[in-house]
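Quick look at data-v2.pdb (PDB, C-alpha atoms):
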ATOM      1  CA  MET A   1      83.748 101.413  86.521  1.00  0.00           C
ATOM      2  CA  PRO A   2      83.189  97.638  86.727  1.00  0.00           C
ATOM      3  CA  VAL A   3      83.881  95.745  83.555  1.00  0.00           C
ATOM      4  CA  THR A   4      83.051  92.097  83.087  1.00  0.00           C
ATOM      5  CA  PRO A   5      86.181  90.540  81.666  1.00  0.00           C
ATOM      6  CA  ASP A   6      85.680  89.063  78.249  1.00  0.00           C
ATOM      7  CA  ARG A   7      87.925  86.877  76.183  1.00  0.00           C
ATOM      8  CA  GLU A   8      89.629  89.670  74.247  1.00  0.00           C
ATOM      9  CA  PRO A   9      93.423  89.257  74.567  1.00  0.00           C
ATOM     10  CA  ALA A  10      93.839  92.779  75.960  1.00  0.00           C
ATOM     11  CA  ASN A  11      91.243  92.142  78.658  1.00  0.00           C
ATOM     12  CA  LEU A  12      92.677  88.751  79.545  1.00  0.00           C
ATOM     13  CA  ILE A  13      95.913  90.524  80.478  1.00  0.00           C
ATOM     14  CA  ALA A  14      94.400  93.678  81.962  1.00  0.00           C
ATOM     15  CA  HIS A  15      91.932  91.951  84.264  1.00  0.00           C
ATOM     16  CA  ALA A  16      93.724  89.173  86.129  1.00  0.00           C
ATOM     17  CA  PRO A  17      91.579  86.119  86.953  1.00  0.00           C
ATOM     18  CA  HIS A  18      92.009  86.393  90.726  1.00  0.00           C
ATOM     19  CA  ASP A  19      90.790  90.012  90.787  1.00  0.00           C
ATOM     20  CA  VAL A  20      87.080  89.250  91.115  1.00  0.00           C
ATOM     21  CA  GLY A  21      85.979  92.275  93.156  1.00  0.00           C
ATOM     22  CA  GLY A  22      82.739  93.765  91.912  1.00  0.00           C
ATOM     23  CA  GLN A  23      81.818  90.926  89.586  1.00  0.00           C
ATOM     24  CA  PRO A  24      78.428  89.215  89.832  1.00  0.00           C
ATOM     25  CA  GLU A  25      78.670  86.024  91.889  1.00  0.00           C
ATOM     26  CA  GLY A  26      76.488  83.700  93.908  1.00  0.00           C
ATOM     27  CA  PRO A  27      76.363  83.494  97.691  1.00  0.00           C
ATOM     28  CA  VAL A  28      79.657  83.059  99.518  1.00  0.00           C
ATOM     29  CA  SER A  29      79.967  79.867 101.568  1.00  0.00           C
ATOM     30  CA  ILE A  30      81.061  80.829 105.064  1.00  0.00           C
ATOM     31  CA  SER A  31      80.957  77.325 106.555  1.00  0.00           C
ATOM     32  CA  ASP A  32      84.135  76.378 108.395  1.00  0.00           C
ATOM     33  CA  HIS A  33      85.894  73.042 108.161  1.00  0.00           C
ATOM     34  CA  GLU A  34      88.640  71.236 110.023  1.00  0.00           C
ATOM     35  CA  LEU A  35      91.931  71.568 108.152  1.00  0.00           C
ATOM     36  CA  THR A  36      93.039  68.314 106.544  1.00  0.00           C
ATOM     37  CA  PRO A  37      96.558  66.966 107.210  1.00  0.00           C
ATOM     38  CA  PHE A  38      97.576  68.073 103.700  1.00  0.00           C
ATOM     39  CA  GLU A  39      96.324  71.599 104.353  1.00  0.00           C
ATOM     40  CA  LYS A  40      98.177  71.805 107.667  1.00  0.00           C
ATOM     41  CA  HIS A  41     101.398  70.506 106.100  1.00  0.00           C
ATOM     42  CA  CYS A  42     101.062  72.908 103.202  1.00  0.00           C
ATOM     43  CA  HIS A  43     100.489  75.893 105.491  1.00  0.00           C
ATOM     44  CA  ALA A  44     103.448  74.921 107.674  1.00  0.00           C
ATOM     45  CA  LEU A  45     105.706  74.424 104.652  1.00  0.00           C
ATOM     46  CA  LEU A  46     104.892  77.848 103.245  1.00  0.00           C
ATOM     47  CA  ASP A  47     105.480  79.422 106.668  1.00  0.00           C
ATOM     48  CA  VAL A  48     108.915  77.776 106.776  1.00  0.00           C
ATOM     49  CA  LEU A  49     109.714  78.928 103.236  1.00  0.00           C
ATOM     50  CA  ALA A  50     108.749  82.485 104.228  1.00  0.00           C
ATOM     51  CA  ALA A  51     110.723  82.366 107.491  1.00  0.00           C
ATOM     52  CA  HIS A  52     113.821  81.338 105.534  1.00  0.00           C
ATOM     53  CA  LYS A  53     113.173  84.122 102.996  1.00  0.00           C
ATOM     54  CA  LEU A  54     112.826  81.621 100.154  1.00  0.00           C
ATOM     55  CA  VAL A  55     109.198  82.265  99.114  1.00  0.00           C
ATOM     56  CA  ASN A  56     107.423  85.295 100.539  1.00  0.00           C
ATOM     57  CA  THR A  57     103.702  86.026 100.547  1.00  0.00           C
ATOM     58  CA  GLU A  58     103.933  88.306  97.523  1.00  0.00           C
ATOM     59  CA  GLU A  59     105.808  85.702  95.478  1.00  0.00           C
ATOM     60  CA  LYS A  60     103.353  83.013  96.536  1.00  0.00           C
ATOM     61  CA  ARG A  61     100.358  85.121  95.475  1.00  0.00           C
ATOM     62  CA  ARG A  62     101.991  86.080  92.204  1.00  0.00           C
ATOM     63  CA  GLY A  63     102.639  82.403  91.512  1.00  0.00           C
ATOM     64  CA  VAL A  64      98.943  81.664  92.043  1.00  0.00           C
ATOM     65  CA  GLU A  65      97.794  84.584  89.911  1.00  0.00           C
ATOM     66  CA  ASP A  66     100.021  83.451  87.046  1.00  0.00           C
ATOM     67  CA  MET A  67      98.287  80.054  86.890  1.00  0.00           C
ATOM     68  CA  GLY A  68      95.357  81.508  85.010  1.00  0.00           C
ATOM     69  CA  GLU A  69      91.642  81.189  85.449  1.00  0.00           C
ATOM     70  CA  VAL A  70      91.223  77.471  84.675  1.00  0.00           C
ATOM     71  CA  ILE A  71      93.862  76.228  87.120  1.00  0.00           C
ATOM     72  CA  ILE A  72      92.968  78.740  89.839  1.00  0.00           C
ATOM     73  CA  GLY A  73      89.331  77.643  89.544  1.00  0.00           C
ATOM     74  CA  GLY A  74      90.211  73.953  89.523  1.00  0.00           C
ATOM     75  CA  LEU A  75      92.552  73.798  92.533  1.00  0.00           C
ATOM     76  CA  SER A  76      91.722  74.212  96.197  1.00  0.00           C
ATOM     77  CA  TYR A  77      93.216  77.077  98.182  1.00  0.00           C
ATOM     78  CA  TYR A  78      96.157  75.047  99.538  1.00  0.00           C
ATOM     79  CA  GLN A  79      96.695  73.147  96.300  1.00  0.00           C
ATOM     80  CA  ARG A  80      97.321  76.559  94.689  1.00  0.00           C
ATOM     81  CA  TRP A  81      99.858  77.366  97.427  1.00  0.00           C
ATOM     82  CA  ALA A  82     101.719  74.107  96.838  1.00  0.00           C
ATOM     83  CA  VAL A  83     101.915  74.572  93.072  1.00  0.00           C
ATOM     84  CA  SER A  84     102.927  78.221  93.460  1.00  0.00           C
ATOM     85  CA  ALA A  85     105.722  77.342  95.901  1.00  0.00           C
ATOM     86  CA  ALA A  86     107.060  74.731  93.471  1.00  0.00           C
ATOM     87  CA  LYS A  87     107.079  77.283  90.649  1.00  0.00           C
ATOM     88  CA  VAL A  88     108.790  80.022  92.674  1.00  0.00           C
ATOM     89  CA  LEU A  89     111.456  77.643  94.028  1.00  0.00           C
ATOM     90  CA  ASN A  90     112.084  76.482  90.472  1.00  0.00           C
ATOM     91  CA  GLU A  91     112.360  80.062  89.192  1.00  0.00           C
ATOM     92  CA  LYS A  92     114.964  80.806  91.862  1.00  0.00           C
ATOM     93  CA  GLY A  93     116.997  77.745  90.969  1.00  0.00           C
ATOM     94  CA  LEU A  94     116.409  76.213  94.411  1.00  0.00           C
ATOM     95  CA  VAL A  95     114.738  73.078  93.074  1.00  0.00           C
ATOM     96  CA  THR A  96     114.638  71.580  89.615  1.00  0.00           C
ATOM     97  CA  THR A  97     111.641  70.059  87.888  1.00  0.00           C
ATOM     98  CA  GLU A  98     113.549  66.767  87.796  1.00  0.00           C
ATOM     99  CA  GLU A  99     114.183  66.780  91.559  1.00  0.00           C
ATOM    100  CA  LEU A 100     110.603  67.678  92.284  1.00  0.00           C
ATOM    101  CA  GLY A 101     109.245  65.036  89.910  1.00  0.00           C
ATOM    102  CA  ARG A 102     111.394  62.289  91.397  1.00  0.00           C
ATOM    103  CA  THR A 103     110.525  63.354  94.957  1.00  0.00           C
ATOM    104  CA  MET A 104     106.826  63.303  94.130  1.00  0.00           C
ATOM    105  CA  ILE A 105     107.193  59.677  92.979  1.00  0.00           C
ATOM    106  CA  ASP A 106     109.084  58.802  96.192  1.00  0.00           C
ATOM    107  CA  VAL A 107     106.459  60.446  98.410  1.00  0.00           C
ATOM    108  CA  ARG A 108     103.630  58.789  96.519  1.00  0.00           C
ATOM    109  CA  GLY A 109     105.381  55.436  96.973  1.00  0.00           C
ATOM    110  CA  ARG A 110     105.693  55.990 100.733  1.00  0.00           C
ATOM    111  CA  LEU A 111     102.021  56.901 101.039  1.00  0.00           C
ATOM    112  CA  ILE A 112     100.939  53.794  99.109  1.00  0.00           C
ATOM    113  CA  SER A 113     103.140  51.515 101.246  1.00  0.00           C
ATOM    114  CA  GLU A 114     101.760  53.134 104.431  1.00  0.00           C
ATOM    115  CA  ASP A 115      98.227  52.425 103.243  1.00  0.00           C
ATOM    116  CA  GLN A 116      98.921  48.713 102.802  1.00  0.00           C
TER     117      GLN A 116
ATOM    118  CA  MET B   1     110.358 109.425 102.999  1.00  0.00           C
ATOM    119  CA  SER B   2     108.006 112.361 102.380  1.00  0.00           C
ATOM    120  CA  SER B   3     104.542 111.654 101.052  1.00  0.00           C
ATOM    121  CA  ARG B   4     103.436 113.286  97.821  1.00  0.00           C
ATOM    122  CA  TYR B   5      99.789 113.641  98.900  1.00  0.00           C
ATOM    123  CA  ALA B   6      98.171 115.016 102.056  1.00  0.00           C
ATOM    124  CA  VAL B   7      94.849 114.306 103.775  1.00  0.00           C
ATOM    125  CA  GLY B   8      92.003 115.799 101.744  1.00  0.00           C
ATOM    126  CA  ASP B   9      93.882 115.931  98.433  1.00  0.00           C
ATOM    127  CA  ARG B  10      91.671 114.938  95.521  1.00  0.00           C
ATOM    128  CA  ILE B  11      93.202 112.058  93.583  1.00  0.00           C
ATOM    129  CA  ARG B  12      92.532 109.723  90.709  1.00  0.00           C
ATOM    130  CA  ILE B  13      93.579 106.078  90.802  1.00  0.00           C
ATOM    131  CA  SER B  14      95.666 105.371  87.711  1.00  0.00           C
ATOM    132  CA  ALA B  15      93.984 103.423  84.923  1.00  0.00           C
ATOM    133  CA  ARG B  16      96.950 101.151  84.192  1.00  0.00           C
ATOM    134  CA  TYR B  17      96.706  97.553  83.082  1.00  0.00           C
ATOM    135  CA  ALA B  18     100.214  96.136  82.739  1.00  0.00           C
ATOM    136  CA  PRO B  19     100.675  92.460  83.656  1.00  0.00           C
ATOM    137  CA  GLY B  20     102.231  91.817  87.062  1.00  0.00           C
ATOM    138  CA  HIS B  21     101.301  91.364  90.716  1.00  0.00           C
ATOM    139  CA  VAL B  22      99.000  94.326  91.345  1.00  0.00           C
ATOM    140  CA  ARG B  23      97.203  95.246  94.587  1.00  0.00           C
ATOM    141  CA  THR B  24      94.999  97.942  93.037  1.00  0.00           C
ATOM    142  CA  PRO B  25      91.556  96.451  92.331  1.00  0.00           C
ATOM    143  CA  PHE B  26      90.544  96.426  88.685  1.00  0.00           C
ATOM    144  CA  TYR B  27      87.190  98.049  89.419  1.00  0.00           C
ATOM    145  CA  ALA B  28      88.820 101.043  91.157  1.00  0.00           C
ATOM    146  CA  ARG B  29      91.257 101.974  88.402  1.00  0.00           C
ATOM    147  CA  GLY B  30      90.413 105.365  86.932  1.00  0.00           C
ATOM    148  CA  ALA B  31      88.167 106.287  89.880  1.00  0.00           C
ATOM    149  CA  THR B  32      88.496 109.644  91.638  1.00  0.00           C
ATOM    150  CA  GLY B  33      88.303 110.304  95.370  1.00  0.00           C
ATOM    151  CA  HIS B  34      90.402 111.852  98.092  1.00  0.00           C
ATOM    152  CA  ILE B  35      93.111 110.968 100.580  1.00  0.00           C
ATOM    153  CA  GLU B  36      91.470 109.889 103.845  1.00  0.00           C
ATOM    154  CA  ARG B  37      94.789 109.325 105.656  1.00  0.00           C
ATOM    155  CA  VAL B  38      98.466 108.905 105.014  1.00  0.00           C
ATOM    156  CA  LEU B  39      99.608 105.471 106.177  1.00  0.00           C
ATOM    157  CA  ASP B  40     103.075 103.985 106.604  1.00  0.00           C
ATOM    158  CA  THR B  41     105.616 103.057 103.955  1.00  0.00           C
ATOM    159  CA  PHE B  42     106.024  99.440 102.843  1.00  0.00           C
ATOM    160  CA  LEU B  43     108.111  97.440 100.426  1.00  0.00           C
ATOM    161  CA  ASP B  44     106.432  97.560  97.033  1.00  0.00           C
ATOM    162  CA  PRO B  45     104.576  94.245  96.646  1.00  0.00           C
ATOM    163  CA  GLU B  46     104.750  94.617  92.870  1.00  0.00           C
ATOM    164  CA  ARG B  47     108.539  94.251  93.188  1.00  0.00           C
ATOM    165  CA  GLU B  48     108.553  91.789  96.085  1.00  0.00           C
ATOM    166  CA  ALA B  49     106.364  89.456  94.046  1.00  0.00           C
ATOM    167  CA  PHE B  50     109.288  89.064  91.654  1.00  0.00           C
ATOM    168  CA  GLY B  51     111.952  88.585  94.311  1.00  0.00           C
ATOM    169  CA  VAL B  52     113.045  92.221  94.841  1.00  0.00           C
ATOM    170  CA  ASN B  53     112.936  92.488  98.622  1.00  0.00           C
ATOM    171  CA  ALA B  54     114.992  95.564  99.448  1.00  0.00           C
ATOM    172  CA  GLY B  55     115.044  99.233  98.612  1.00  0.00           C
ATOM    173  CA  THR B  56     111.512  99.517  97.263  1.00  0.00           C
ATOM    174  CA  GLU B  57     109.825 101.393 100.140  1.00  0.00           C
ATOM    175  CA  THR B  58     106.731 103.145  98.917  1.00  0.00           C
ATOM    176  CA  GLN B  59     104.051 105.245 100.594  1.00  0.00           C
ATOM    177  CA  LEU B  60     100.623 103.741 101.265  1.00  0.00           C
ATOM    178  CA  TYR B  61      97.451 105.840 101.593  1.00  0.00           C
ATOM    179  CA  ARG B  62      93.873 105.184 102.571  1.00  0.00           C
ATOM    180  CA  VAL B  63      91.736 106.553  99.765  1.00  0.00           C
ATOM    181  CA  ARG B  64      88.016 107.298 100.044  1.00  0.00           C
ATOM    182  CA  LEU B  65      85.737 106.836  97.017  1.00  0.00           C
ATOM    183  CA  ASN B  66      81.988 107.290  96.614  1.00  0.00           C
ATOM    184  CA  GLN B  67      80.231 103.965  96.084  1.00  0.00           C
ATOM    185  CA  SER B  68      77.842 105.679  93.677  1.00  0.00           C
ATOM    186  CA  THR B  69      80.699 106.733  91.402  1.00  0.00           C
ATOM    187  CA  LEU B  70      82.161 103.199  91.378  1.00  0.00           C
ATOM    188  CA  TRP B  71      78.959 101.327  90.555  1.00  0.00           C
ATOM    189  CA  PRO B  72      76.529 102.801  88.019  1.00  0.00           C
ATOM    190  CA  ASP B  73      73.600 100.823  89.452  1.00  0.00           C
ATOM    191  CA  TYR B  74      74.487 101.416  93.118  1.00  0.00           C
ATOM    192  CA  SER B  75      71.253 101.409  95.126  1.00  0.00           C
ATOM    193  CA  GLY B  76      72.585 102.153  98.625  1.00  0.00           C
ATOM    194  CA  GLU B  77      72.733 105.484 100.420  1.00  0.00           C
ATOM    195  CA  PRO B  78      74.240 108.316  98.340  1.00  0.00           C
ATOM    196  CA  ALA B  79      76.663 109.029 101.200  1.00  0.00           C
ATOM    197  CA  ASP B  80      78.111 105.487 101.159  1.00  0.00           C
ATOM    198  CA  VAL B  81      81.865 105.400 100.604  1.00  0.00           C
ATOM    199  CA  LEU B  82      84.510 102.772  99.990  1.00  0.00           C
ATOM    200  CA  GLU B  83      87.972 103.086 101.507  1.00  0.00           C
ATOM    201  CA  LEU B  84      90.870 101.353  99.793  1.00  0.00           C
ATOM    202  CA  GLU B  85      94.557 101.256 100.634  1.00  0.00           C
ATOM    203  CA  ILE B  86      96.499 102.320  97.559  1.00  0.00           C
ATOM    204  CA  PHE B  87     100.225 102.815  96.976  1.00  0.00           C
ATOM    205  CA  GLU B  88     101.505 106.233  95.910  1.00  0.00           C
ATOM    206  CA  HIS B  89     102.607 105.130  92.446  1.00  0.00           C
ATOM    207  CA  TRP B  90      98.981 104.300  91.664  1.00  0.00           C
ATOM    208  CA  LEU B  91      97.754 107.834  92.489  1.00  0.00           C
ATOM    209  CA  GLU B  92      97.683 110.995  90.410  1.00  0.00           C
ATOM    210  CA  PRO B  93      96.067 114.389  91.039  1.00  0.00           C
ATOM    211  CA  ALA B  94      92.347 114.293  90.170  1.00  0.00           C
ATOM    212  CA  PRO B  95      91.442 116.119  86.946  1.00  0.00           C
ATOM    213  CA  GLU B  96      89.845 119.510  87.616  1.00  0.00           C
ATOM    214  CA  SER B  97      86.666 118.464  85.860  1.00  0.00           C
ATOM    215  CA  SER B  98      86.076 115.303  87.885  1.00  0.00           C
ATOM    216  CA  GLU B  99      83.023 114.951  90.065  1.00  0.00           C
ATOM    217  CA  GLN B 100      83.384 115.997  93.697  1.00  0.00           C
ATOM    218  CA  GLU B 101      83.014 113.132  96.129  1.00  0.00           C
ATOM    219  CA  ASN B 102      81.027 113.257  99.346  1.00  0.00           C
ATOM    220  CA  PRO B 103      82.609 115.260 102.146  1.00  0.00           C
ATOM    221  CA  SER B 104      84.299 113.099 104.779  1.00  0.00           C
TER     222      SER B 104
END
Since I need it in another form, could you write the structure as structure tokens?
Amino acid sequence: MPVTPDREPANLIAHAPHDVGGQPEGPVSISDHELTPFEKHCHALLDVLAAHKLVNTEEKRRGVEDMGEVIIGGLSYYQRWAVSAAKVLNEKGLVTTEELGRTMIDVRGRLISEDQ
Amino acid sequence: MSSRYAVGDRIRISARYAPGHVRTPFYARGATGHIERVLDTFLDPEREAFGVNAGTETQLYRVRLNQSTLWPDYSGEPADVLELEIFEHWLEPAPESSEQENPS
């Protein structure tokens, strides 16, 4: 029996935000687009993490689902993957938030210097 | 690993709502139908999602449900069915009183 999730605490837990089957929704966009370099890198990175048994598909999806409705709705498909991978690697003690934060600054710095 | 259910068995999908990584659609929980086929066994994604990657083999089934029992305002053909792949720990024998689904 379909139930539209409401904001009751019990329903927020019972009906996860990614589980949208059967809910009213507008038309689905089926237009294709060329993958951006970020999307290709992100896909490749997650494939490597899976091949090395560091982050599997189930862990990656669970990481996305745990973000909640607002973040899931606000990020693109591959942005969700990237954030999920960071969370799962952190949970497993394979990266720290400090390492990741510093690396993000380094990478941002490289991109800015490449642009100039 | 022997399967608990056989083709044709009438089943109900459990109406459980615990937090976790769940592959059973929300809208199908509590629905009754029957086993359309017995599939292979797989690691339980509910455990894999939390890093448990060994020793959780569980039986998967293809389950057939009537569309008209899933959606109160369903306007398609009465014989329309939906087939879902559901793990054994989400299935229970259908209550005796539950509505019979369309024959396969």
At a cut-off of 9 Å, can you tabulate as JSON lines every residue of chain A near chain B together with its closest atom pair and the distance in Å to one decimal, using all atoms listed in the file and ordering rows by chain then number?
{"residue": "A:Met1", "atom": "CA", "partner": "B:Leu70", "partner_atom": "CA", "distance": 5.4}
{"residue": "A:Pro2", "atom": "CA", "partner": "B:Tyr27", "partner_atom": "CA", "distance": 4.8}
{"residue": "A:Val3", "atom": "CA", "partner": "B:Tyr27", "partner_atom": "CA", "distance": 7.1}
{"residue": "A:Asn11", "atom": "CA", "partner": "B:Tyr17", "partner_atom": "CA", "distance": 8.9}
{"residue": "A:Ile13", "atom": "CA", "partner": "B:Pro19", "partner_atom": "CA", "distance": 6.0}
{"residue": "A:Ala14", "atom": "CA", "partner": "B:Tyr17", "partner_atom": "CA", "distance": 4.6}
{"residue": "A:His15", "atom": "CA", "partner": "B:Phe26", "partner_atom": "CA", "distance": 6.4}
{"residue": "A:Ala16", "atom": "CA", "partner": "B:Pro19", "partner_atom": "CA", "distance": 8.1}
{"residue": "A:Asp19", "atom": "CA", "partner": "B:Pro25", "partner_atom": "CA", "distance": 6.7}
{"residue": "A:Val20", "atom": "CA", "partner": "B:Phe26", "partner_atom": "CA", "distance": 8.3}
{"residue": "A:Gly21", "atom": "CA", "partner": "B:Tyr27", "partner_atom": "CA", "distance": 7.0}
{"residue": "A:Gly22", "atom": "CA", "partner": "B:Tyr27", "partner_atom": "CA", "distance": 6.7}
{"residue": "A:Gln23", "atom": "CA", "partner": "B:Tyr27", "partner_atom": "CA", "distance": 8.9}
{"residue": "A:Val55", "atom": "CA", "partner": "B:Gly51", "partner_atom": "CA", "distance": 8.4}
{"residue": "A:Asn56", "atom": "CA", "partner": "B:Ala49", "partner_atom": "CA", "distance": 7.8}
{"residue": "A:Thr57", "atom": "CA", "partner": "B:Ala49", "partner_atom": "CA", "distance": 7.8}
{"residue": "A:Glu58", "atom": "CA", "partner": "B:Ala49", "partner_atom": "CA", "distance": 4.4}
{"residue": "A:Glu59", "atom": "CA", "partner": "B:Ala49", "partner_atom": "CA", "distance": 4.1}
{"residue": "A:Lys60", "atom": "CA", "partner": "B:Ala49", "partner_atom": "CA", "distance": 7.5}
{"residue": "A:Arg61", "atom": "CA", "partner": "B:Ala49", "partner_atom": "CA", "distance": 7.5}
{"residue": "A:Arg62", "atom": "CA", "partner": "B:His21", "partner_atom": "CA", "distance": 5.5}
{"residue": "A:Gly63", "atom": "CA", "partner": "B:Ala49", "partner_atom": "CA", "distance": 8.4}
{"residue": "A:Glu65", "atom": "CA", "partner": "B:His21", "partner_atom": "CA", "distance": 7.7}
{"residue": "A:Asp66", "atom": "CA", "partner": "B:Gly20", "partner_atom": "CA", "distance": 8.7}
{"residue": "A:Lys92", "atom": "CA", "partner": "B:Gly51", "partner_atom": "CA", "distance": 8.7}
Quick one: axis-aligned box around all listed atoms of segment 93-99 of chain A, 8 Å on every side, centre and edge lengths in Å to one decimal, written as AutoDock Vina command-line options.
--center_x 114.3 --center_y 72.3 --center_z 91.1 --size_x 21.4 --size_y 27.0 --size_z 22.6
Problem set entry | Exercise: Pro95 of chain B partners within 9 Å, only C-alpha atoms, chain neighbours under 5 positions left out, as a list in words |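 My list of contacting residues is Arg10, Ile11, Arg12 and Thr32 of chain B.
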